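Data first, discussion second: the structure below is written as structure tokens.
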Amino acid sequence: MTRRVMVVGRTGVGKTTLLEKLGLLNSAVKKTESVEFAPQFIDTPGEFMEMSRFYHALITSSTKADVVLLVVDASNPGQLPPGISKAFAAPVLGCVNKIDLLCGDCEEKVDNARKKLLEAGVEEVYAVSAKEGIGVRELKEKIEEILWRCA
Ligand SMILES: Nc1nc2c(ncn2[C@@H]2O[C@H](COP(=O)(O)OP(=O)(O)O)[C@@H](O)[C@H]2O)c(=O)[nH]1
Ligand SMILES: [Mg+2]
């Protein structure tokens with residue numbers, strides 16, 4: 001059975017880097033130009049989360065996923081459509097990425113990003129750095145728990 005992790009989120013938040021750090025994607029980071037299906041993941045372009053006319057492509061693609069990671073940049077979470085996670089066909093985990101770039105105001109920034117993700121309807125929120133690997137083990141364990149449940 002195919003079990004896939006899908007990543008969604010605005011451009012540059014670190015979706016592709018996170019797939020690499022989770023050990024699902026093995027290539028140099030490049031700009032994601034279209035929805036990319038692979039046996040273990042679905043990578044998506046940030047523009048699809050930034051423009052409402054593309055939401056349908058994300059929602060349709062999520063039917064091929066077993067878990068969705070909704071990723072935001074800790075320093076700049078941007079706008080997320082309230083409740084968007086409920087439209088996806090798989091459980092959605094929130095990821096606050098790039099926490100390695102935060103300084104003294106770390107907790108405040110992570111709390112703000114967490115709030116936006118919860119308003120977007122995610123089940124749980126993980127603070128991570130896809131670049132430095134911070135928090136990735138905990139996220140991976142949760143993903144494996146969800147994938148195991150649906151196996
Ligand atoms: N400092 C830092 N940079 C990151 C992190 N994750 C991704 N990046 C950088 O952010 C940029 C965009 O990453 P990418 O994975 O292509 O973002 P995507 O558009 O969401 O797929 C790249 O230069 C990455 O190296 C992180 O956790 N910390
Ligand atoms: Mg990408």
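Following the order of the structure tokens, first chain is A, next is B, and so on, with residues numbered from 1 inside each chain and ligands from 1 in the order they appear.
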Within 9 Å of ligand 2, counting only C-alpha atoms and all ligand atoms, residues as a list of chain:residue names: A:Val7, A:Thr11, A:Gly12, A:Val13, A:Gly14, A:Lys15, A:Thr16, A:Thr17, A:Val29, A:Lys30, A:Lys31, A:Thr32, A:Glu33, A:Asp43, A:Thr44, A:Pro45, A:Gly46
If you keep N, CA and C atoms, can you produce a file of those selected residues as a PDB file, in the first residue's frame?
```
ATOM      1  N   VAL A   7       2.875  17.935   1.450  1.00  0.00           N
ATOM      2  CA  VAL A   7       3.195  19.224   2.072  1.00  0.00           C
ATOM      3  C   VAL A   7       2.489  20.349   1.335  1.00  0.00           C
ATOM      4  N   THR A  11       4.877  29.938  -0.549  1.00  0.00           N
ATOM      5  CA  THR A  11       6.180  29.826  -1.208  1.00  0.00           C
ATOM      6  C   THR A  11       7.329  30.117  -0.234  1.00  0.00           C
ATOM      7  N   GLY A  12       8.332  29.252  -0.249  1.00  0.00           N
ATOM      8  CA  GLY A  12       9.559  29.504   0.501  1.00  0.00           C
ATOM      9  C   GLY A  12       9.513  29.161   1.975  1.00  0.00           C
ATOM     10  N   VAL A  13       8.412  28.563   2.440  1.00  0.00           N
ATOM     11  CA  VAL A  13       8.319  28.261   3.878  1.00  0.00           C
ATOM     12  C   VAL A  13       9.174  27.047   4.265  1.00  0.00           C
ATOM     13  N   GLY A  14       9.606  26.263   3.260  1.00  0.00           N
ATOM     14  CA  GLY A  14      10.479  25.116   3.535  1.00  0.00           C
ATOM     15  C   GLY A  14       9.828  23.763   3.345  1.00  0.00           C
ATOM     16  N   LYS A  15       8.797  23.688   2.507  1.00  0.00           N
ATOM     17  CA  LYS A  15       8.092  22.416   2.292  1.00  0.00           C
ATOM     18  C   LYS A  15       9.018  21.343   1.726  1.00  0.00           C
ATOM     19  N   THR A  16       9.721  21.702   0.654  1.00  0.00           N
ATOM     20  CA  THR A  16      10.578  20.724  -0.019  1.00  0.00           C
ATOM     21  C   THR A  16      11.746  20.325   0.885  1.00  0.00           C
ATOM     22  N   THR A  17      12.288  21.313   1.604  1.00  0.00           N
ATOM     23  CA  THR A  17      13.396  21.028   2.532  1.00  0.00           C
ATOM     24  C   THR A  17      12.937  20.075   3.625  1.00  0.00           C
ATOM     25  N   VAL A  29      17.369  21.000  -3.276  1.00  0.00           N
ATOM     26  CA  VAL A  29      16.154  21.812  -3.248  1.00  0.00           C
ATOM     27  C   VAL A  29      16.092  22.675  -4.497  1.00  0.00           C
ATOM     28  N   LYS A  30      14.964  22.609  -5.158  1.00  0.00           N
ATOM     29  CA  LYS A  30      14.728  23.475  -6.317  1.00  0.00           C
ATOM     30  C   LYS A  30      13.317  24.011  -6.193  1.00  0.00           C
ATOM     31  N   LYS A  31      12.998  24.990  -6.988  1.00  0.00           N
ATOM     32  CA  LYS A  31      11.655  25.565  -6.954  1.00  0.00           C
ATOM     33  C   LYS A  31      10.646  24.512  -7.402  1.00  0.00           C
ATOM     34  N   THR A  32       9.573  24.365  -6.636  1.00  0.00           N
ATOM     35  CA  THR A  32       8.526  23.395  -6.972  1.00  0.00           C
ATOM     36  C   THR A  32       7.521  24.086  -7.886  1.00  0.00           C
ATOM     37  N   GLU A  33       7.445  23.635  -9.146  1.00  0.00           N
ATOM     38  CA  GLU A  33       6.639  24.352 -10.143  1.00  0.00           C
ATOM     39  C   GLU A  33       5.243  23.772 -10.325  1.00  0.00           C
ATOM     40  N   ASP A  43       4.604  16.867  -3.190  1.00  0.00           N
ATOM     41  CA  ASP A  43       5.117  18.222  -2.962  1.00  0.00           C
ATOM     42  C   ASP A  43       4.256  19.174  -3.787  1.00  0.00           C
ATOM     43  N   THR A  44       4.046  20.372  -3.269  1.00  0.00           N
ATOM     44  CA  THR A  44       3.133  21.298  -3.945  1.00  0.00           C
ATOM     45  C   THR A  44       3.762  22.692  -4.042  1.00  0.00           C
ATOM     46  N   PRO A  45       3.410  23.457  -5.059  1.00  0.00           N
ATOM     47  CA  PRO A  45       3.942  24.817  -5.181  1.00  0.00           C
ATOM     48  C   PRO A  45       3.247  25.755  -4.187  1.00  0.00           C
ATOM     49  N   GLY A  46       4.012  26.675  -3.614  1.00  0.00           N
ATOM     50  CA  GLY A  46       3.442  27.624  -2.668  1.00  0.00           C
ATOM     51  C   GLY A  46       2.319  28.455  -3.260  1.00  0.00           C
TER      52      GLY A  46
END
```
Contacts of stretch 73-75 of chain A within 8 Å, only C-alpha atoms, excl. fewer than 6 positions in-chain, as a ChimeraX atom specification: /A:13-14,96-99,101-102,109-110,113
Closest contacts (stretch 18-103 of chain A/stretch 121-131 of chain A, max 9 Å, only C-alpha atoms) as JSON lines:
```
{"residue": "A:Leu18", "atom": "CA", "partner": "A:Ala130", "partner_atom": "CA", "distance": 4.8}
{"residue": "A:Leu19", "atom": "CA", "partner": "A:Ala130", "partner_atom": "CA", "distance": 8.3}
{"residue": "A:Glu20", "atom": "CA", "partner": "A:Ala130", "partner_atom": "CA", "distance": 8.1}
{"residue": "A:Lys21", "atom": "CA", "partner": "A:Ala130", "partner_atom": "CA", "distance": 5.9}
{"residue": "A:Leu22", "atom": "CA", "partner": "A:Ala130", "partner_atom": "CA", "distance": 8.3}
{"residue": "A:Leu69", "atom": "CA", "partner": "A:Val122", "partner_atom": "CA", "distance": 8.9}
{"residue": "A:Leu70", "atom": "CA", "partner": "A:Val122", "partner_atom": "CA", "distance": 7.7}
{"residue": "A:Ala74", "atom": "CA", "partner": "A:Ala127", "partner_atom": "CA", "distance": 8.2}
{"residue": "A:Pro82", "atom": "CA", "partner": "A:Gly121", "partner_atom": "CA", "distance": 7.0}
{"residue": "A:Gly83", "atom": "CA", "partner": "A:Gly121", "partner_atom": "CA", "distance": 4.7}
{"residue": "A:Ile84", "atom": "CA", "partner": "A:Gly121", "partner_atom": "CA", "distance": 6.5}
{"residue": "A:Ser85", "atom": "CA", "partner": "A:Gly121", "partner_atom": "CA", "distance": 5.0}
{"residue": "A:Lys86", "atom": "CA", "partner": "A:Gly121", "partner_atom": "CA", "distance": 6.2}
{"residue": "A:Pro91", "atom": "CA", "partner": "A:Glu123", "partner_atom": "CA", "distance": 7.2}
{"residue": "A:Val92", "atom": "CA", "partner": "A:Val122", "partner_atom": "CA", "distance": 5.2}
{"residue": "A:Leu93", "atom": "CA", "partner": "A:Glu124", "partner_atom": "CA", "distance": 5.4}
{"residue": "A:Gly94", "atom": "CA", "partner": "A:Val125", "partner_atom": "CA", "distance": 4.4}
{"residue": "A:Cys95", "atom": "CA", "partner": "A:Tyr126", "partner_atom": "CA", "distance": 4.9}
{"residue": "A:Val96", "atom": "CA", "partner": "A:Ala127", "partner_atom": "CA", "distance": 4.6}
{"residue": "A:Asn97", "atom": "CA", "partner": "A:Val128", "partner_atom": "CA", "distance": 4.9}
{"residue": "A:Lys98", "atom": "CA", "partner": "A:Ser129", "partner_atom": "CA", "distance": 4.6}
{"residue": "A:Ile99", "atom": "CA", "partner": "A:Ser129", "partner_atom": "CA", "distance": 5.4}
{"residue": "A:Asp100", "atom": "CA", "partner": "A:Ser129", "partner_atom": "CA", "distance": 5.9}
{"residue": "A:Leu101", "atom": "CA", "partner": "A:Ser129", "partner_atom": "CA", "distance": 8.6}
```
Using N, CA, C and O atoms, can you export the residues from the last selection as a compact mmCIF listing (two decimals), in the first residue's frame?
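This went into out10.txt:
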```txt
# COMPACT_ATOMS: atom_id res chain seq x y z
N LEU A 18 11.70 20.27 4.11
CA LEU A 18 11.17 19.40 5.17
C LEU A 18 11.01 17.96 4.67
O LEU A 18 11.34 17.01 5.38
N LEU A 19 10.54 17.80 3.43
CA LEU A 19 10.44 16.44 2.86
C LEU A 19 11.80 15.77 2.82
O LEU A 19 11.94 14.58 3.11
N GLU A 20 12.83 16.57 2.49
CA GLU A 20 14.19 16.03 2.46
C GLU A 20 14.62 15.60 3.86
O GLU A 20 15.17 14.52 4.04
N LYS A 21 14.36 16.48 4.84
CA LYS A 21 14.81 16.21 6.21
C LYS A 21 14.08 15.01 6.80
O LYS A 21 14.61 14.30 7.65
N LEU A 22 12.85 14.79 6.35
CA LEU A 22 12.08 13.63 6.82
C LEU A 22 12.54 12.34 6.14
O LEU A 22 12.03 11.27 6.41
N LEU A 69 1.00 17.95 5.70
CA LEU A 69 1.71 18.89 6.57
C LEU A 69 1.45 20.30 6.04
O LEU A 69 1.79 20.60 4.90
N LEU A 70 0.81 21.13 6.85
CA LEU A 70 0.58 22.53 6.48
C LEU A 70 1.71 23.33 7.13
O LEU A 70 1.79 23.42 8.35
N ALA A 74 8.03 30.49 10.62
CA ALA A 74 7.85 30.99 11.99
C ALA A 74 7.90 32.52 12.07
O ALA A 74 7.17 33.14 12.85
N PRO A 82 -9.05 30.38 6.94
CA PRO A 82 -9.57 29.72 8.14
C PRO A 82 -10.26 28.41 7.78
O PRO A 82 -11.03 28.35 6.82
N GLY A 83 -9.93 27.36 8.50
CA GLY A 83 -10.60 26.07 8.32
C GLY A 83 -10.16 25.29 7.09
O GLY A 83 -10.71 24.22 6.82
N ILE A 84 -9.17 25.78 6.33
CA ILE A 84 -8.78 25.10 5.07
C ILE A 84 -8.45 23.62 5.29
O ILE A 84 -8.73 22.78 4.44
N SER A 85 -7.87 23.31 6.46
CA SER A 85 -7.45 21.92 6.71
C SER A 85 -8.61 20.95 6.63
O SER A 85 -8.44 19.79 6.26
N LYS A 86 -9.80 21.44 6.97
CA LYS A 86 -10.98 20.55 6.98
C LYS A 86 -11.36 20.13 5.56
O LYS A 86 -12.11 19.17 5.38
N PRO A 91 -5.62 13.59 7.50
CA PRO A 91 -5.33 14.38 8.71
C PRO A 91 -4.26 15.43 8.41
O PRO A 91 -3.33 15.15 7.65
N VAL A 92 -4.40 16.60 9.01
CA VAL A 92 -3.46 17.70 8.73
C VAL A 92 -2.70 18.08 10.01
O VAL A 92 -3.31 18.36 11.04
N LEU A 93 -1.37 18.05 9.91
CA LEU A 93 -0.52 18.51 11.01
C LEU A 93 0.05 19.87 10.62
O LEU A 93 0.45 20.08 9.47
N GLY A 94 0.12 20.79 11.59
CA GLY A 94 0.72 22.10 11.34
C GLY A 94 2.21 22.05 11.65
O GLY A 94 2.61 21.43 12.63
N CYS A 95 3.02 22.70 10.81
CA CYS A 95 4.46 22.79 11.05
C CYS A 95 4.88 24.24 11.04
O CYS A 95 4.71 24.94 10.03
N VAL A 96 5.43 24.71 12.16
CA VAL A 96 6.03 26.05 12.22
C VAL A 96 7.50 25.84 11.93
O VAL A 96 8.25 25.35 12.77
N ASN A 97 7.92 26.19 10.71
CA ASN A 97 9.30 25.89 10.27
C ASN A 97 10.22 27.11 10.43
O ASN A 97 9.77 28.22 10.67
N LYS A 98 11.50 26.85 10.32
CA LYS A 98 12.58 27.86 10.40
C LYS A 98 12.73 28.43 11.81
O LYS A 98 13.06 29.60 11.96
N ILE A 99 12.47 27.61 12.83
CA ILE A 99 12.60 28.14 14.19
C ILE A 99 14.07 28.44 14.52
O ILE A 99 14.34 29.16 15.46
N ASP A 100 15.00 27.92 13.70
CA ASP A 100 16.42 28.25 13.92
C ASP A 100 16.71 29.72 13.68
O ASP A 100 17.71 30.25 14.17
N LEU A 101 15.82 30.41 12.94
CA LEU A 101 16.06 31.83 12.62
C LEU A 101 15.49 32.77 13.68
O LEU A 101 15.70 33.98 13.61
```
12 Å contact set for A:Ala89, only C-alpha atoms, chain neighbours under 2 positions out, as a PyMOL selection string: chain A and resi 6+56+58-68+84-87+91-92
Keeping only all heavy atoms, write those residues as a compact mmCIF listing (two decimals), in the first residue's frame.
```txt
# COMPACT_ATOMS: atom_id res chain seq x y z
N MET A 6 1.96 14.61 2.26
CA MET A 6 1.80 15.75 1.35
C MET A 6 2.19 17.03 2.11
O MET A 6 1.88 17.16 3.29
CB MET A 6 0.34 15.83 0.92
CG MET A 6 -0.02 17.02 0.06
SD MET A 6 -1.74 16.81 -0.54
CE MET A 6 -2.01 18.41 -1.29
N HIS A 56 -8.48 24.05 -5.26
CA HIS A 56 -9.10 22.78 -5.68
C HIS A 56 -8.03 21.75 -6.03
O HIS A 56 -8.22 20.55 -5.79
CB HIS A 56 -10.05 23.01 -6.86
CG HIS A 56 -9.33 23.34 -8.13
ND1 HIS A 56 -8.98 22.38 -9.05
CD2 HIS A 56 -8.85 24.51 -8.60
CE1 HIS A 56 -8.31 22.97 -10.04
NE2 HIS A 56 -8.24 24.25 -9.79
N LEU A 58 -5.06 21.45 -4.66
CA LEU A 58 -4.51 20.90 -3.41
C LEU A 58 -5.50 19.92 -2.79
O LEU A 58 -5.12 18.84 -2.32
CB LEU A 58 -4.23 22.03 -2.41
CG LEU A 58 -3.16 23.06 -2.83
CD1 LEU A 58 -3.04 24.14 -1.77
CD2 LEU A 58 -1.81 22.38 -3.04
N ILE A 59 -6.76 20.31 -2.80
CA ILE A 59 -7.80 19.47 -2.17
C ILE A 59 -7.91 18.14 -2.92
O ILE A 59 -7.95 17.07 -2.32
CB ILE A 59 -9.14 20.24 -2.12
CG1 ILE A 59 -9.00 21.40 -1.12
CG2 ILE A 59 -10.29 19.33 -1.74
CD1 ILE A 59 -10.08 22.47 -1.25
N THR A 60 -7.92 18.20 -4.25
CA THR A 60 -8.00 16.97 -5.05
C THR A 60 -6.77 16.10 -4.83
O THR A 60 -6.88 14.89 -4.63
CB THR A 60 -8.12 17.32 -6.55
OG1 THR A 60 -9.19 18.24 -6.70
CG2 THR A 60 -8.39 16.09 -7.40
N SER A 61 -5.59 16.73 -4.80
CA SER A 61 -4.35 15.95 -4.61
C SER A 61 -4.32 15.28 -3.25
O SER A 61 -3.76 14.19 -3.10
CB SER A 61 -3.12 16.87 -4.73
OG SER A 61 -3.11 17.50 -5.98
N SER A 62 -4.96 15.91 -2.26
CA SER A 62 -4.91 15.35 -0.90
C SER A 62 -5.64 14.01 -0.80
O SER A 62 -5.43 13.26 0.15
CB SER A 62 -5.48 16.34 0.12
OG SER A 62 -6.89 16.40 0.05
N THR A 63 -6.46 13.69 -1.80
CA THR A 63 -7.13 12.38 -1.77
C THR A 63 -6.12 11.25 -1.97
O THR A 63 -6.41 10.10 -1.71
CB THR A 63 -8.25 12.26 -2.84
OG1 THR A 63 -7.66 12.39 -4.13
CG2 THR A 63 -9.31 13.34 -2.65
N LYS A 64 -4.93 11.60 -2.48
CA LYS A 64 -3.87 10.60 -2.70
C LYS A 64 -2.86 10.61 -1.55
O LYS A 64 -1.82 9.95 -1.64
CB LYS A 64 -3.11 10.89 -4.01
CG LYS A 64 -3.99 11.01 -5.23
CD LYS A 64 -4.33 9.65 -5.78
CE LYS A 64 -5.11 9.77 -7.07
NZ LYS A 64 -5.98 8.63 -7.29
N ALA A 65 -3.13 11.40 -0.52
CA ALA A 65 -2.20 11.51 0.61
C ALA A 65 -2.79 10.83 1.84
O ALA A 65 -4.01 10.70 1.97
CB ALA A 65 -1.92 12.98 0.90
N ASP A 66 -1.92 10.43 2.76
CA ASP A 66 -2.37 9.83 4.02
C ASP A 66 -2.19 10.79 5.19
O ASP A 66 -2.78 10.61 6.24
CB ASP A 66 -1.59 8.53 4.27
CG ASP A 66 -1.86 7.54 3.16
OD1 ASP A 66 -2.99 7.05 3.07
OD2 ASP A 66 -0.96 7.31 2.33
N VAL A 67 -1.35 11.77 5.01
CA VAL A 67 -1.19 12.83 6.00
C VAL A 67 -0.73 14.08 5.24
O VAL A 67 -0.02 13.98 4.24
CB VAL A 67 -0.18 12.43 7.11
CG1 VAL A 67 1.20 12.14 6.57
CG2 VAL A 67 -0.10 13.49 8.21
N VAL A 68 -1.21 15.23 5.69
CA VAL A 68 -0.84 16.51 5.06
C VAL A 68 -0.12 17.35 6.10
O VAL A 68 -0.56 17.45 7.25
CB VAL A 68 -2.10 17.27 4.57
CG1 VAL A 68 -1.72 18.65 4.03
CG2 VAL A 68 -2.84 16.47 3.50
N ILE A 84 -9.17 25.78 6.33
CA ILE A 84 -8.78 25.10 5.07
C ILE A 84 -8.45 23.62 5.29
O ILE A 84 -8.73 22.78 4.44
CB ILE A 84 -7.57 25.82 4.39
CG1 ILE A 84 -7.16 25.15 3.05
CG2 ILE A 84 -6.34 25.86 5.28
CD1 ILE A 84 -7.91 25.62 1.88
N SER A 85 -7.87 23.31 6.46
CA SER A 85 -7.45 21.92 6.71
C SER A 85 -8.61 20.95 6.63
O SER A 85 -8.44 19.79 6.26
CB SER A 85 -6.83 21.80 8.11
OG SER A 85 -5.78 22.70 8.23
N LYS A 86 -9.80 21.44 6.97
CA LYS A 86 -10.98 20.55 6.98
C LYS A 86 -11.36 20.13 5.56
O LYS A 86 -12.11 19.17 5.38
CB LYS A 86 -12.17 21.25 7.66
CG LYS A 86 -11.88 21.72 9.07
CD LYS A 86 -11.56 20.55 10.01
CE LYS A 86 -11.26 21.04 11.42
NZ LYS A 86 -10.46 20.09 12.19
N ALA A 87 -10.86 20.86 4.55
CA ALA A 87 -11.18 20.51 3.17
C ALA A 87 -10.30 19.37 2.65
O ALA A 87 -10.63 18.71 1.66
CB ALA A 87 -11.00 21.73 2.27
N PRO A 91 -5.62 13.59 7.50
CA PRO A 91 -5.33 14.38 8.71
C PRO A 91 -4.26 15.43 8.41
O PRO A 91 -3.33 15.15 7.65
CB PRO A 91 -4.80 13.35 9.71
CG PRO A 91 -5.09 12.01 9.14
CD PRO A 91 -5.30 12.17 7.68
N VAL A 92 -4.40 16.60 9.01
CA VAL A 92 -3.46 17.70 8.73
C VAL A 92 -2.70 18.08 10.01
O VAL A 92 -3.31 18.36 11.04
CB VAL A 92 -4.19 18.95 8.19
CG1 VAL A 92 -3.17 20.04 7.82
CG2 VAL A 92 -5.04 18.60 6.97
```
Backbone DSSP call of alpha helix (DSSP H) for stretch 4-136 of chain A, listed as number ranges by chain: A: 15-21, 47-50, 55-61, 106-119, 136
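One finds atom CA of A:Trp148 at 18.9 Å from atom CA of A:Ala38.
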Selected residue, from A:Glu132, A:Glu36, A:Glu138, A:Glu145, that lies nearest to ligand 1 when counting only C-alpha atoms and all ligand atoms: A:Glu132
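Among the candidates A:Val72, A:Cys103, A:Val5, A:Ile146, the residue lying nearest to ligand 1 is A:Val72 (atoms considered: only C-alpha atoms and all ligand atoms).
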Atom CA of A:Pro81 to atom CA of A:Arg10, straight-line distance in Å: 11.5 Å
